[in-house]
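One structure is given here, and the rest of the page talks about it.
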Amino acid sequence: MSLFLIAALPFLGAVFPALLIRAGRNASASSAGLTTLLAFIGLMLHAPAILRGDVITAKFDWMPGLGLNANFFLDGLGFMFAGLILGIGLLIIVYARFYLSRQDPMGQFYTFLLLFQGAMVGIVTSDNILLLLVFWELTSLSSFLLIGYWKHLPEGRQGARMALTVTGMGGLAMIGGMLILGNIVGSYDLTVILQNKEAIQTSPLYLPALLLILAGCFTKSAQFPFHFWLPHAMAAPTPVSAYLHSATMVKAGIFLMARMWPVLSGTPEWFYIVSTAGLVTMVMGAVIALFKDDLKALLAFSTVSHLGLITMLLGFGTKVAAVAAIFHIINHATFKAALFMSAGIVDHEAHTRDIKRLGGLRHLMPVTFTIAVIASLSMAGIPPLNGFLSKELMLEEAAHTYWLGNPYIVPGLAVLASLFSAAYSFRYIGHVFLGPKRDDYPGHPHDPGFGMWLSPAFLVVLVILIGLFSGQIAEPLVQVVADAVTQQHPHVHLKLWHGVTPALYMSMVAVGGGLVALLAHKKLESIWNALPRPEAKVIFDQVIAAASQLAERVTVGLHNGSITRYALIMIVFSTGVSYVAFQTGTLPEATRQVQAVGPLPLLGWFSLIVATGFILYHHHNRLLALVLIGVVGLVVSMAFNYLSAPDLALTQISVEVVTIILMLLALNFLPKETPKETPVKTKIRDGAIASVAGLGIGGLIYALMTRDFAADTISGYHLANSYKGGGGTNVVNVILVDFRGFDTFGEIIVLGIAAMVIFALTEAVLGTKVRAYLLNRKPDLPQDGDPHPLMMVVATRVIMPLALLVAAYIFFRGHNLPGGGFIAGLIAAIAIIMQYMASGFGWATERQRMFYHGIIGAGVLIAAATGMGAWFNDLPFLTSAFGYIHWEPLEEFEWATAALFDLGVFLAVVGAVLLALESLARFAWQPDTTSEHAMEINPARDDEPKIKSEV
Amino acid sequence: MELLVASAVGVLTAAGIYLILRRRTFPVILGLSLLSYAVNVFLFATGRLLVGAPPILNKYEEVAYTDPLPQALVLTAIVISFGMTAVVVMIALGAYLSSKTDDINMDDAAEAGEDA
C-alpha cells in the first residue's frame, strides 16, 4: 500500500465514526477499527522489505518554492513507530468501545482519535521536516480535543489547556530549530539532513538549533522541567491516557530525538543536556510515582520516569545505548498500555482509582489481576519479562558512563530510579489486588466482559513472548530500527541471560530495595508528606496569569479604542520613515524642462487652493464643505483633461457626481454641524503634522516630475502594441480591457463586493430598532414644499433616453477614443439616479424591474466568460481577439472580444453604483412616499394634486 | 506647471490628513476624499506632465504621447475609491444611527482625554 494512503487513511476514516454514530455505537467503533486495521495491514505489507533493510519512499512536490514537499519515507524506525501507533490504536479502539458509557458522544471520540492517529503516522513517516512540523502541531491540537473530551470536567478542560500550552510552545520552538537546521543543510528533506552530520555539528548555529529542537522534544515527551503537564492530562478518559500518554504521543519527542540522533548526538552539548534531563526525569518521576494514591497518577509519573530513561539512553550517544532505548520503547509501550487499560478496568468496575480505597481485588477480578501482575512485574524489571531485558541493557550502559568525570553518579541514580520503579510496581500489585477483600468499595468490582480485557490481555502475551523469545521476535526488528537510528550497523543480540554482570547486581539491589521500600511505604509516605514540594500547577497558573495580564496591559495601552490616535501614530511613523529614507538616499540633478504655465491652469490652481482652505476653515458646516469638495473634484478633473488625460477627466467628473449624491444621502441622517470641541493646542499639533506630511508628499512628487525615469518604462510597449495587438487607438482603454484585463477583472469584482457590503450593512442596520426610529423620524431641516418639482420630473424623463444614448456612444467609442466601460457605466448610472432624485425613490423602485445584484453578477460573469472564451482556442485566460467586418452599405467596422469584456465592466459598474446608492436611499423610505400616479400633477386629471405639505 | 501640481498635491494631502485627525465621522470622510484626490493626482503625475499629448494613437502622423500606464492605473483607482468612500459612508451612517453618536473614538478613550 502506498505510504500516502497509509498516512491518509486515518484522516479519511475520521469522517465515518462521527457520521455512523447514528447507526449505533457498534457501527461507529467498527468503522474506526476497520480504517485502522486497513492501514495496519497496509503497513505490514511493507514488513518483509523493511526487515530486509529497504527504505520505502513516496514523493510528491507540493510547494517546491517553499521547500515544502509531501515526501514520505518508511525505514525501520518509522516502521516500528507506525506499527505501535496503528497496532495499539486498534487495541484501544476495541477497548474504548466497551469503556465509554452511553452518555459519552462516541462518534466524536473516534473521530478525534483517528485524527490523532493520522497525525502521529504522519510524524513518523514524513521525509520533509516542514511536513513533519505540520503533523506535529496536529497531534498537539487533536490531543487537546481528546484530553478535554469530558467537557463537563473542569480538570479535563484545565489539563487540556495546560497540555496544549506546553506542547504548543515546544512546537513553536521546534519550528525555529527545524528551520535553522534546514538552512544549515540547504534542504528540508530529512534524508538529506541525515547525511550532513559534519555541516550541522560544525555550524555556529548548532547549539541554538539543538536547544530549540530539544525544547520541542522535551515538552512533548514530558521531560524535566516540562514534565508537569502529563499527570494533569490524565483527566482524559483512560483509553486516551493509554494511547496518547503512554504508547504514542509522548513518544513523539523520543521519536524525533532518535530520528535526529545521527546528526545531533555525539557532542558534549547533546550528552549533557539530553542525558541529564533524562536522568533527572527518570529519578524524579519514579520517586513521585511511589507516593501517588491515584492509580492513573501513579502510572502517569511512572511514564514520565520511563520516558526519562529512554531519553537518557539516547543522550548517552553510544550505539549500544541507542539499541537499549529502542528496545525499551517497544517494551514500555506494551506493558504500560496494558497497565493503563487494567487501571481503567479497575476504575470502571470499582468506581474509584484511589489506591487507599482499594485492595483485595485479586479475589473479585482474577483476569484483571493476572494481566496487571504480569505487566507490573515487567515494569519492575523481573525476569523473564521484557521489561527486565531492556532494564538490564540500560543498567549495563549506565554502569560505565562518566558524568563530569565521575563514574558513580549515573549508575547510582539509575539504581535508585530502578528501585523506586520496582517499589511502585509492587505497590500497584500489593495495594490494589493483594490483601484482604474489603466491603466498602464504591462499586461492585468484578471482571469486565471479554471485549474490555481482550486488548490488555493481548499486550501481556506480547510482554511474555518478547521476554522469553527476544532473540527470535524482537531482535530482527530492533536490528533494522537500530540501523535506521544510528545510520550504521550496530551488533544487536538480545537474550535473557547475560551471565553475572554488574547490571545483574544492580538489578538485584533495585528489586530488593523496591520490596523494602514497599514494606516501609507508610513511614516513607509520612516523610514525603512532611517535605515541602513545589506544586507545578500553581506555578503554571501564576505564569499564565502574569502573561495574560501583561498581554492585556500592552494591548489596552496601544489599542485604546481611539481611531484618531491610530491614524496619528501611522502618519507620524510613515512620515518619519520617509524622512529617514530621504536623508539616507541621494537625489540626482533635475533633468526635465518644466512646462509653461498659462492663465487657465493658474486659475484652476487658485480655485483649488481656495476651496481647500475654505473646507478646512468651514468644515463644521458640513453641507458647505460638501459643496466645496465638489469644487475640488471639478478642478482635479479639469486638470486631468488639461494634462492629456481625457479618460481620467471623464471618469473623475462622473464619479464626482455619484459621490456627492451619496454623501448628500448620508448627510440627510447625520448631524449637519460638526461640534467645535477640539482644543486649540490639538489643532495646532494636527496642523503641524499635516503640514509636514503635505510638504513631504508635495516635495516628493515635485522631485519626481522634474526628473526623467530612472529606468525604461513598459509604457512604450503599450503604445507600440495598442493598435497592432489590441486593435484600439485609445491606449488607456486597451490597457484596461486587454493588456491588464485580469487586473480590471479583479477591480470589478472588488467594486461588486463593496456594493454588496453596503447592501448587507443596510439590511443589518434596518433589521434593528433603527428602522422604527427612521420611520418616526422628523426631518431636521425645513423641507421643500414640492419634493418632486414638475420641471425637474419632466426634464429628467426627457433626458433619460438621451443620457443612455450618450452612455452607449461613450461605450462603443471607448476602444479608439476617450470613453469605455467604466465611464459609460457611470453615465448610465447617473441617468437612472436622476429618476430617483426627481420622481422619488418609491416611484423609481416600482419601475425598476432588475435587481442590481443581478446586474453586478451578470457583468462579472460576462467578463469571466469572455476571458474563458480564450481557452477554447488554447490561449490563456483573457487573451483577446479582434478583426474587421465590412457590410454594405456600412463602413468597415471593428469587432473585438475586448468590447464584450468592456460590457461586463459596464454592467458591473452600473450595478455597483446603483446598488450602493439605492441601499443608502432606503434609509429615507417612508410608507406614504410612493405616489399613485406617474406624475403628481397631470392637467388631464381633474383630481386635486396630492402635494405633501410642509412637515 | 509642475510646481502647481506638486503644491496642489501637497495642500490636498495636508488638508486630508488634518481632517482625518478630527473626531467626527463626517470630517474624516471628507478628509479621505481629499486624500484620494491627492493620491490619484500623485500617481498620475508619476507619468510626468505633458500638455496636449493624450495617449490616443494618431494614424496619420507621428506625434508625442503622454505615459498611458499611470492613467489606466488611476482610472481604476478613481472607481475603486468611490467604492471605498461608499462603504465608509455606509459604516459611518450605520454607526451613527445605531449608537446616536458620530464620534469615531470609543467612549473610554474620550473620557481619558485622548486626542480630543
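Residue numbers start at 1 in each chain; chains themselves are named A, B, ... in the order of the C-alpha cells; ligands are numbered from 1 in the order shown.
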> Which residues of chain B are close to chain A, meaning at most 6 Å apart when you count only C-alpha atoms, and how do they look as a VMD selection string?
Replying inline: chain B and resid 1 6 to 7 9 to 10 13 to 14 17 to 18 21 48 50 to 57 68 to 69 72 75 83 87 105 to 106 109 116
Write a file of the just-selected residues containing C-alpha atoms, as a JSON list (two decimals), in the first residue's frame.
[["chain", "number", "residue", "atom", "x", "y", "z"],
["B", 1, "MET", "CA", 3.17, 73.72, -14.17],
["B", 6, "ALA", "CA", 3.04, 69.46, -6.70],
["B", 7, "SER", "CA", 1.80, 72.22, -4.44],
["B", 9, "VAL", "CA", -0.98, 67.61, -4.14],
["B", 10, "GLY", "CA", 0.78, 68.84, -1.01],
["B", 13, "THR", "CA", -2.64, 65.86, 1.39],
["B", 14, "ALA", "CA", -2.19, 68.24, 4.29],
["B", 17, "ILE", "CA", -4.64, 64.44, 6.95],
["B", 18, "TYR", "CA", -5.82, 67.30, 9.11],
["B", 21, "LEU", "CA", -7.41, 63.58, 12.58],
["B", 48, "ARG", "CA", 5.32, 63.12, -15.87],
["B", 50, "LEU", "CA", 2.65, 66.71, -20.84],
["B", 51, "VAL", "CA", 0.13, 69.14, -22.30],
["B", 52, "GLY", "CA", -1.84, 68.31, -25.45],
["B", 53, "ALA", "CA", -0.49, 64.80, -25.94],
["B", 54, "PRO", "CA", -3.27, 62.38, -24.98],
["B", 55, "PRO", "CA", -2.46, 58.68, -25.41],
["B", 56, "ILE", "CA", -4.85, 58.35, -28.36],
["B", 57, "LEU", "CA", -2.90, 56.96, -31.28],
["B", 68, "PRO", "CA", -0.72, 55.86, -20.63],
["B", 69, "LEU", "CA", 0.11, 53.41, -17.85],
["B", 72, "ALA", "CA", -5.04, 53.32, -16.64],
["B", 75, "LEU", "CA", -8.78, 55.33, -13.77],
["B", 83, "GLY", "CA", -16.46, 52.09, -3.74],
["B", 87, "VAL", "CA", -18.54, 51.69, 2.20],
["B", 105, "ASN", "CA", -13.31, 57.08, 19.16],
["B", 106, "MET", "CA", -14.52, 54.76, 21.85],
["B", 109, "ALA", "CA", -10.72, 56.70, 25.17],
["B", 116, "ALA", "CA", -9.73, 65.30, 21.77]]
What's the 8 Å shell around B:Ile29, counting only C-alpha atoms, without same-chain residues fewer than 4 positions away, as a tab-separated table (two decimals) with N, CA and C atoms, in the first residue's frame?
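Wrote out.tsv, looks like this:
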chain	number	residue	atom	x	y	z
B	20	ILE	N	-8.65	64.00	8.65
B	20	ILE	CA	-8.71	62.62	9.15
B	20	ILE	C	-8.45	62.58	10.65
B	25	THR	N	-17.24	61.51	12.29
B	25	THR	CA	-17.12	60.72	11.07
B	25	THR	C	-17.10	61.60	9.81
B	33	SER	N	-11.68	61.77	1.22
B	33	SER	CA	-11.92	62.17	-0.17
B	33	SER	C	-10.77	63.04	-0.67
B	85	THR	N	-15.24	54.96	-0.57
B	85	THR	CA	-15.96	56.04	0.09
B	85	THR	C	-17.38	55.59	0.43
B	88	VAL	N	-17.35	53.39	3.47
B	88	VAL	CA	-17.07	54.15	4.69
B	88	VAL	C	-18.28	54.98	5.09
B	89	VAL	N	-18.90	55.62	4.10
B	89	VAL	CA	-20.09	56.42	4.39
B	89	VAL	C	-21.16	55.54	5.02
>> Could you check the closest approach to A:Gly285 for each of A:Ala510, A:Leu395, A:Asp347, A:Ser421 and tell me which residue wins, using only C-alpha atoms?
In response: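 Ranking A:Ala510, A:Leu395, A:Asp347, A:Ser421 by distance to A:Gly285, first place goes to A:Ser421.
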>> I need the residues of stretch 4-102 of chain B that end up classed as alpha helix (DSSP H) by DSSP on the backbone, written out as a ChimeraX atom specification.
In response: /B:4-20,25-45,68-99
> Nearest to A:Pro262: which of A:Gly53, A:Ala322, A:Pro456, A:His348 is it, counting only C-alpha atoms?
Replying inline: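 Checking each candidate against A:Pro262, we get A:Ala322 as the closest.
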>> Using only C-alpha atoms, which protein or nucleic acid residues come within 6 Å of stretch 309-316 of chain A? Drop anything in the same chain fewer than 2 positions from it, and give the result as a ChimeraX atom specification.
In response: /A:271,274-275,278-279,282,306-307,318,321-322,325
>> Report, in Å to a single decimal, how far apart atom CA of A:Phe851 and atom CA of A:Ile832 are.
In response: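 Here the two named atoms are 13.6 Å from each other.
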> How many Å lie between atom CA of A:Tyr243 and atom CA of A:Val94, rounded to one decimal?
Replying inline: 12.1 Å
>> Taking only C-alpha atoms into account, name the residue in B:Ala86, B:Ala95, B:Ala77, B:Asn58 that is nearest to B:Leu30.
In response: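 Of the candidates, the smallest distance to B:Leu30 is held by B:Ala86.
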>> Restricting the calculation to only C-alpha atoms: of A:Ala503, A:Ile330, A:Asp483, A:Met174, which residue gets closest to A:Ala398?
In response: A:Ala503
> At what distance in Å, to one decimal, does atom CA of A:Gly467 lie from atom CA of A:Leu389?
Replying inline: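 Value for the atom CA of A:Leu389-atom CA of A:Gly467 distance: 7.0 Å.
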> Hey, what does DSSP flag as strand (DSSP E or B) within stretch 839-921 of chain A? Can you give it to me as a PyMOL selection string?
Replying inline: chain A and resi 882-885+893-896
>> Give me the residues near A:Pro411 as a list in words, where near means some atom within 10 Å (using only C-alpha atoms) and where sequence neighbours in that chain fewer than 5 positions away do not count.
In response: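 The residues satisfying every condition are Met394, Leu395, Glu396, Glu397, Ala398, Ala399, His400, Thr401, Tyr402, Trp403, Leu416, Ala417, Ala503 and Met506 of chain A.
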